[in-house]
$ cat upload-v9.json   # JSON, C-alpha atoms and all ligand atoms
[["chain", "number", "residue", "atom", "x", "y", "z"],
["A", 1, "MET", "CA", 94.39, 130.29, 121.08],
["A", 2, "ASN", "CA", 94.22, 126.59, 120.36],
["A", 3, "ILE", "CA", 95.61, 124.35, 117.66],
["A", 4, "GLY", "CA", 93.31, 121.39, 117.18],
["A", 5, "SER", "CA", 92.67, 120.01, 120.65],
["A", 6, "TYR", "CA", 95.95, 121.41, 121.99],
["A", 7, "SER", "CA", 96.80, 124.73, 123.53],
["A", 8, "TYR", "CA", 99.47, 126.51, 121.48],
["A", 9, "ASP", "CA", 102.19, 125.60, 124.00],
["A", 10, "GLU", "CA", 101.07, 121.97, 124.10],
["A", 11, "TYR", "CA", 101.21, 121.86, 120.31],
["A", 12, "VAL", "CA", 104.76, 123.26, 120.35],
["A", 13, "HIS", "CA", 105.69, 120.48, 122.75],
["A", 14, "VAL", "CA", 104.05, 117.75, 120.67],
["A", 15, "VAL", "CA", 105.75, 119.02, 117.51],
["A", 16, "GLU", "CA", 109.14, 118.88, 119.18],
["A", 17, "SER", "CA", 108.71, 115.30, 120.33],
["A", 18, "PHE", "CA", 107.04, 113.98, 117.16],
["A", 19, "HIS", "CA", 108.98, 115.86, 114.50],
["A", 20, "GLY", "CA", 112.29, 115.99, 116.34],
["A", 21, "SER", "CA", 112.60, 119.76, 116.20],
["A", 22, "LEU", "CA", 110.48, 122.87, 116.41],
["A", 23, "ALA", "CA", 110.14, 123.39, 112.67],
["A", 24, "PRO", "CA", 108.59, 126.78, 111.83],
["A", 25, "GLY", "CA", 106.75, 125.09, 108.96],
["A", 26, "LEU", "CA", 104.97, 122.83, 111.40],
["A", 27, "LEU", "CA", 103.82, 125.76, 113.50],
["A", 28, "ILE", "CA", 102.34, 127.42, 110.41],
["A", 29, "GLY", "CA", 101.04, 123.98, 109.45],
["A", 30, "GLY", "CA", 99.26, 123.78, 112.80],
["A", 31, "PHE", "CA", 97.32, 126.94, 112.00],
["A", 32, "ILE", "CA", 96.60, 125.68, 108.49],
["A", 33, "VAL", "CA", 95.12, 122.38, 109.71],
["A", 34, "ASP", "CA", 93.31, 124.05, 112.61],
["A", 35, "LEU", "CA", 91.65, 126.53, 110.29],
["A", 36, "ALA", "CA", 90.68, 123.78, 107.85],
["A", 37, "LEU", "CA", 89.13, 121.81, 110.73],
["A", 38, "LYS", "CA", 87.15, 124.87, 111.81],
["A", 39, "LYS", "CA", 85.85, 125.51, 108.29],
["A", 40, "LEU", "CA", 84.85, 121.91, 107.74],
["A", 41, "PRO", "CA", 81.24, 121.09, 108.72],
["A", 42, "HIS", "CA", 81.12, 119.25, 112.05],
["A", 43, "GLY", "CA", 80.85, 115.52, 112.48],
["A", 44, "GLU", "CA", 81.81, 114.56, 108.97],
["A", 45, "PHE", "CA", 84.25, 111.87, 108.01],
["A", 46, "PHE", "CA", 86.96, 113.51, 106.06],
["A", 47, "ASP", "CA", 90.13, 112.75, 104.15],
["A", 48, "ALA", "CA", 93.12, 115.02, 103.79],
["A", 49, "ILE", "CA", 95.34, 116.16, 100.97],
["A", 50, "CYS", "CA", 98.68, 117.73, 101.67],
["A", 51, "GLU", "CA", 100.33, 119.49, 98.75],
["A", 52, "THR", "CA", 103.90, 119.25, 99.95],
["A", 53, "GLU", "CA", 106.04, 116.50, 101.45],
["A", 54, "ILE", "CA", 107.84, 118.94, 103.74],
["A", 55, "CYS", "CA", 106.63, 119.42, 107.33],
["A", 56, "LEU", "CA", 102.90, 119.76, 106.59],
["A", 57, "PRO", "CA", 102.05, 116.03, 106.53],
["A", 58, "ASP", "CA", 103.13, 115.85, 110.16],
["A", 59, "ALA", "CA", 100.73, 118.65, 111.12],
["A", 60, "VAL", "CA", 97.87, 116.72, 109.49],
["A", 61, "GLN", "CA", 98.88, 113.52, 111.27],
["A", 62, "LEU", "CA", 99.18, 115.23, 114.66],
["A", 63, "LEU", "CA", 95.87, 117.07, 114.48],
["A", 64, "THR", "CA", 93.50, 114.83, 112.53],
["A", 65, "PRO", "CA", 92.73, 111.09, 112.30],
["A", 66, "CYS", "CA", 94.21, 111.17, 108.79],
["A", 67, "THR", "CA", 97.57, 109.45, 108.42],
["A", 68, "ILE", "CA", 99.65, 108.17, 105.54],
["A", 69, "GLY", "CA", 99.31, 104.68, 107.05],
["A", 70, "ASN", "CA", 95.53, 104.60, 107.18],
["A", 71, "GLY", "CA", 95.25, 106.06, 103.71],
["A", 72, "TRP", "CA", 93.15, 109.08, 104.70],
["A", 73, "LEU", "CA", 96.06, 111.41, 104.02],
["A", 74, "ARG", "CA", 97.42, 111.76, 100.51],
["A", 75, "VAL", "CA", 100.62, 113.67, 100.02],
["A", 76, "LEU", "CA", 101.01, 115.32, 96.64],
["A", 77, "ASP", "CA", 104.45, 116.51, 95.57],
["A", 78, "PHE", "CA", 103.28, 119.92, 94.34],
["A", 79, "GLY", "CA", 105.54, 121.86, 96.70],
["A", 80, "ARG", "CA", 102.61, 124.12, 97.63],
["A", 81, "PHE", "CA", 102.10, 124.90, 101.30],
["A", 82, "ALA", "CA", 98.47, 123.87, 101.43],
["A", 83, "VAL", "CA", 96.16, 121.36, 103.10],
["A", 84, "THR", "CA", 92.71, 120.29, 101.97],
["A", 85, "LEU", "CA", 90.22, 118.46, 104.16],
["A", 86, "TYR", "CA", 87.28, 117.03, 102.27],
["A", 87, "GLU", "CA", 84.24, 114.93, 102.92],
["A", 88, "LYS", "CA", 84.94, 111.34, 101.87],
["A", 89, "THR", "CA", 81.92, 110.59, 99.71],
["A", 90, "GLY", "CA", 80.92, 113.86, 98.10],
["A", 91, "GLY", "CA", 84.37, 115.37, 97.88],
["A", 92, "GLU", "CA", 83.27, 118.75, 99.24],
["A", 93, "GLY", "CA", 86.15, 120.33, 101.05],
["A", 94, "VAL", "CA", 88.10, 123.27, 102.27],
["A", 95, "ARG", "CA", 91.61, 124.17, 101.14],
["A", 96, "VAL", "CA", 93.84, 126.34, 103.33],
["A", 97, "TYR", "CA", 97.10, 127.69, 101.95],
["A", 98, "LEU", "CA", 99.94, 129.98, 102.88],
["A", 99, "ASP", "CA", 99.08, 133.24, 101.12],
["A", 100, "MET", "CA", 102.20, 134.90, 99.69],
["A", 101, "GLU", "CA", 100.63, 138.35, 99.76],
["A", 102, "LYS", "CA", 99.67, 138.11, 103.42],
["A", 103, "LEU", "CA", 103.07, 136.64, 104.20],
["A", 104, "ASN", "CA", 104.62, 139.99, 103.18],
["A", 105, "ALA", "CA", 103.28, 141.58, 106.34],
["A", 106, "TRP", "CA", 105.48, 139.33, 108.50],
["A", 107, "ASP", "CA", 109.04, 140.13, 107.51],
["A", 108, "GLU", "CA", 110.88, 137.50, 109.53],
["A", 109, "VAL", "CA", 108.52, 134.72, 108.40],
["A", 110, "ASN", "CA", 108.73, 135.99, 104.85],
["A", 111, "SER", "CA", 112.52, 135.97, 104.80],
["A", 112, "TRP", "CA", 112.58, 132.52, 106.43],
["A", 113, "TYR", "CA", 110.16, 131.14, 103.81],
["A", 114, "TRP", "CA", 112.05, 132.63, 100.87],
["A", 115, "LYS", "CA", 115.44, 131.91, 102.47],
["A", 116, "LEU", "CA", 116.39, 135.57, 102.16],
["A", 117, "LYS", "CA", 118.74, 135.41, 105.15],
["A", 118, "LYS", "CA", 121.51, 133.01, 105.99],
["A", 119, "LYS", "CA", 120.80, 130.90, 109.08],
["A", 120, "PRO", "CA", 123.03, 132.90, 111.48],
["A", 121, "GLU", "CA", 121.33, 136.15, 110.43],
["A", 122, "GLN", "CA", 117.86, 134.78, 111.19],
["A", 123, "ASP", "CA", 116.16, 135.89, 114.38],
["A", 124, "TYR", "CA", 114.65, 132.58, 115.40],
["A", 125, "GLN", "CA", 112.74, 133.95, 118.38],
["A", 126, "LEU", "CA", 111.26, 136.73, 116.27],
["A", 127, "LEU", "CA", 110.34, 134.16, 113.62],
["A", 128, "LEU", "CA", 108.49, 132.05, 116.18],
["A", 129, "SER", "CA", 106.74, 135.02, 117.75],
["A", 130, "GLN", "CA", 105.63, 136.36, 114.36],
["A", 131, "ILE", "CA", 104.22, 132.96, 113.41],
["A", 132, "ARG", "CA", 102.30, 132.85, 116.68],
["A", 133, "GLU", "CA", 101.10, 136.43, 116.35],
["A", 134, "ALA", "CA", 100.08, 135.99, 112.73],
["A", 135, "GLY", "CA", 98.09, 132.82, 113.39],
["A", 136, "TYR", "CA", 95.51, 132.56, 110.60],
["A", 137, "GLY", "CA", 96.71, 135.94, 109.32],
["A", 138, "MET", "CA", 99.06, 134.44, 106.73],
["A", 139, "LEU", "CA", 96.48, 132.03, 105.39],
["A", 140, "SER", "CA", 93.68, 132.02, 102.87],
["A", 141, "VAL", "CA", 90.79, 129.62, 102.40],
["A", 142, "GLN", "CA", 89.12, 128.16, 99.34],
["A", 143, "ARG", "CA", 86.12, 125.89, 98.87],
["A", 144, "VAL", "CA", 87.04, 122.94, 96.69],
["A", 145, "ARG", "CA", 85.48, 119.79, 95.36],
["A", 146, "VAL", "CA", 87.76, 116.78, 95.13],
["A", 147, "GLU", "CA", 87.47, 113.97, 92.64],
["A", 148, "PRO", "CA", 87.77, 111.10, 95.15],
["A", 149, "GLU", "CA", 88.32, 108.49, 92.42],
["A", 150, "LYS", "CA", 91.49, 110.27, 91.47],
["A", 151, "LEU", "CA", 92.93, 109.74, 94.91],
["A", 152, "ARG", "CA", 91.75, 106.24, 95.60],
["A", 153, "ARG", "CA", 94.59, 104.06, 96.75],
["A", 154, "GLU", "CA", 95.54, 101.37, 94.28],
["A", 155, "LYS", "CA", 94.62, 97.87, 95.38],
["A", 156, "LEU", "CA", 97.56, 95.60, 96.13],
["A", 157, "GLY", "CA", 96.25, 92.72, 94.00],
["A", 158, "ALA", "CA", 97.73, 89.22, 93.89],
["A", 159, "SER", "CA", 100.95, 88.40, 95.69],
["A", 160, "ALA", "CA", 103.68, 85.82, 95.15],
["A", 161, "VAL", "CA", 106.96, 84.81, 96.72],
["A", 162, "CYS", "CA", 109.90, 86.54, 95.07],
["A", 163, "PRO", "CA", 112.27, 83.92, 93.63],
["A", 164, "GLU", "CA", 115.30, 85.93, 94.66],
["A", 165, "CYS", "CA", 114.69, 87.19, 98.23],
["A", 166, "GLY", "CA", 111.92, 84.79, 99.23],
["A", 167, "GLU", "CA", 109.65, 87.58, 100.51],
["A", 168, "ALA", "CA", 106.08, 88.19, 99.37],
["A", 169, "TYR", "CA", 105.48, 90.98, 96.84],
["A", 170, "PRO", "CA", 102.64, 92.09, 94.52],
["A", 171, "THR", "CA", 102.91, 90.22, 91.23],
["A", 172, "LYS", "CA", 101.88, 93.30, 89.27],
["A", 173, "HIS", "CA", 105.43, 94.55, 89.93],
["A", 174, "GLY", "CA", 106.87, 91.84, 87.68],
["A", 175, "ASN", "CA", 108.52, 88.43, 88.01],
["A", 176, "ARG", "CA", 110.47, 89.50, 91.08],
["A", 177, "CYS", "CA", 110.05, 92.15, 93.73],
["A", 178, "ARG", "CA", 111.10, 95.74, 93.08],
["A", 179, "ALA", "CA", 114.01, 95.45, 95.49],
["A", 180, "CYS", "CA", 115.40, 92.52, 93.54],
["A", 181, "GLN", "CA", 114.82, 94.41, 90.27],
["A", 182, "GLY", "CA", 117.49, 96.83, 91.40],
["A", 183, "GLU", "CA", 115.49, 99.39, 93.40],
["A", 184, "SER", "CA", 116.77, 98.26, 96.80],
["A", 185, "PRO", "CA", 118.23, 101.09, 98.91],
["A", 186, "TYR", "CA", 120.47, 98.64, 100.81],
["A", 187, "ILE", "CA", 124.08, 98.26, 99.73],
["A", 188, "GLU", "CA", 124.58, 95.56, 102.29],
["A", 189, "VAL", "CA", 122.22, 93.10, 103.95],
["A", 190, "THR", "CA", 123.24, 90.58, 106.60],
["A", 191, "SER", "CA", 120.82, 88.23, 108.29],
["A", 192, "THR", "CA", 121.06, 88.16, 112.06],
["A", 193, "LEU", "CA", 119.43, 86.16, 114.79],
["A", 194, "LEU", "CA", 116.55, 87.82, 116.57],
["A", 201, "ZN", "ZN", 112.89, 89.99, 95.98]]
$ encode --input "upload-v9.json" --output "structure tokens" --more "lines below"
Ligand code: ZN
Amino acid sequence: MNIGSYSYDEYVHVVESFHGSLAPGLLIGGFIVDLALKKLPHGEFFDAICETEICLPDAVQLLTPCTIGNGWLRVLDFGRFAVTLYEKTGGEGVRVYLDMEKLNAWDEVNSWYWKLKKKPEQDYQLLLSQIREAGYGMLSVQRVRVEPEKLRREKLGASAVCPECGEAYPTKHGNRCRACQGESPYIEVTSTLL
């Protein structure tokens, strides 16, 4: 059993080092992305859509050339546990999702997903072994056609130097950068020497 180009155990290892912990969602995510890759016609350039911000984007980034940084992965905040891989120009693609009916057959995974048990009551080893045993068994596949225009990344446009912080920003954001318009997450900033 492989996940992308990894053996299952290698994938577990890579998840731990990349994600910081062995998240069950990323193990399921591995099967989701692997199945999508298998269903996608070979040798095509594809983009990815991930329908949740939690865990799944990391599975896409570990197993495909699609990343948030290169723009081939779009993350939609739908909160659905699903990944779509689609051909860049025509938009033909395959969508793989966690199927709630099939999930019922795996009680420990089901209660983890629906948070039916408190953490101490969870059997983590059983959870992991059920995920591994289930493999594609919790998933379903759909053929989809994506409207690529809808997902095209907005162009940055013209830039200027912000009069307040002195850093460059896109002028379409206004007469100063968004940070200086009050959106900065920093409550304190101190310049230091390199
Ligand atoms: Zn500024």
$ closest_residue --input "upload-v9.json" --among "A:Tyr169, A:Trp114, A:Asp123, A:Val189" --to "ligand ZN 201 (chain A)" --atoms "all atoms listed in the file"
A:Tyr169
$ closest_atom_pairs --input "upload-v9.json" --of "chain A" --to "ligand ZN 201 (chain A)" --cutoff "7 Å" --atoms "only C-alpha atoms and all ligand atoms" --output "CSV"
residue,atom,partner,partner_atom,distance
A:Cys162,CA,A:ZN201,ZN,4.7
A:Pro163,CA,A:ZN201,ZN,6.5
A:Glu164,CA,A:ZN201,ZN,4.9
A:Cys165,CA,A:ZN201,ZN,4.0
A:Gly166,CA,A:ZN201,ZN,6.2
A:Glu167,CA,A:ZN201,ZN,6.1
A:Arg176,CA,A:ZN201,ZN,5.5
A:Cys177,CA,A:ZN201,ZN,4.2
A:Arg178,CA,A:ZN201,ZN,6.7
A:Ala179,CA,A:ZN201,ZN,5.6
A:Cys180,CA,A:ZN201,ZN,4.3
$ write_last_selection --input "upload-v9.json" --atoms "C-alpha atoms" --output "PDB file, in the coordinates of the input"
ATOM      1  CA  CYS A 162     109.900  86.540  95.070  1.00  0.00           C
ATOM      2  CA  PRO A 163     112.270  83.920  93.630  1.00  0.00           C
ATOM      3  CA  GLU A 164     115.300  85.930  94.660  1.00  0.00           C
ATOM      4  CA  CYS A 165     114.690  87.190  98.230  1.00  0.00           C
ATOM      5  CA  GLY A 166     111.920  84.790  99.230  1.00  0.00           C
ATOM      6  CA  GLU A 167     109.650  87.580 100.510  1.00  0.00           C
ATOM      7  CA  ARG A 176     110.470  89.500  91.080  1.00  0.00           C
ATOM      8  CA  CYS A 177     110.050  92.150  93.730  1.00  0.00           C
ATOM      9  CA  ARG A 178     111.100  95.740  93.080  1.00  0.00           C
ATOM     10  CA  ALA A 179     114.010  95.450  95.490  1.00  0.00           C
ATOM     11  CA  CYS A 180     115.400  92.520  93.540  1.00  0.00           C
TER      12      CYS A 180
END
$ closest_atom_pairs --input "upload-v9.json" --of "segment 134-169 of chain A" --to "segment 86-98 of chain A" --cutoff "10 Å" --atoms "only C-alpha atoms" --output "tab-separated table"
residue	atom	partner	partner_atom	distance
A:Tyr136	CA	A:Leu98	CA	9.3
A:Gly137	CA	A:Leu98	CA	9.4
A:Met138	CA	A:Leu98	CA	6.0
A:Leu139	CA	A:Leu98	CA	4.7
A:Ser140	CA	A:Tyr97	CA	5.6
A:Val141	CA	A:Val96	CA	4.6
A:Gln142	CA	A:Arg95	CA	5.0
A:Arg143	CA	A:Val94	CA	4.7
A:Val144	CA	A:Gly93	CA	5.2
A:Arg145	CA	A:Glu92	CA	4.6
A:Val146	CA	A:Gly91	CA	4.6
A:Glu147	CA	A:Gly91	CA	6.2
A:Pro148	CA	A:Gly91	CA	6.1
A:Glu149	CA	A:Gly91	CA	9.6
$ atom_distance --input "upload-v9.json" --atom1 "atom CA of Ser21 of chain A" --atom2 "atom CA of Tyr186 of chain A"
27.3 Å
$ closest_residue --input "upload-v9.json" --among "A:Ser159, A:Gln125, A:Thr171, A:Thr67" --to "Pro24 of chain A" --atoms "all atoms listed in the file"
A:Gln125
$ residues_near_point --input "upload-v9.json" --point "(97.5, 122.6, 107.7)" --cutoff "8 Å" --atoms "only C-alpha atoms" --output "JSON, numbers by chain"
{"A": [28, 29, 30, 31, 32, 33, 34, 35, 36, 50, 56, 59, 60, 82, 83, 84, 96, 97]}
$ residues_around --input "upload-v9.json" --residues "Cys55 of chain A" --least-positions-apart "2" --cutoff "8 Å" --atoms "only C-alpha atoms" --output "number ranges by chain"
A: 23, 25-26, 29, 52-53, 57-59
$ closest_residue --input "upload-v9.json" --among "A:Phe81, A:His19, A:Pro65, A:Leu27" --to "Leu127 of chain A" --atoms "all atoms listed in the file"
A:Leu27
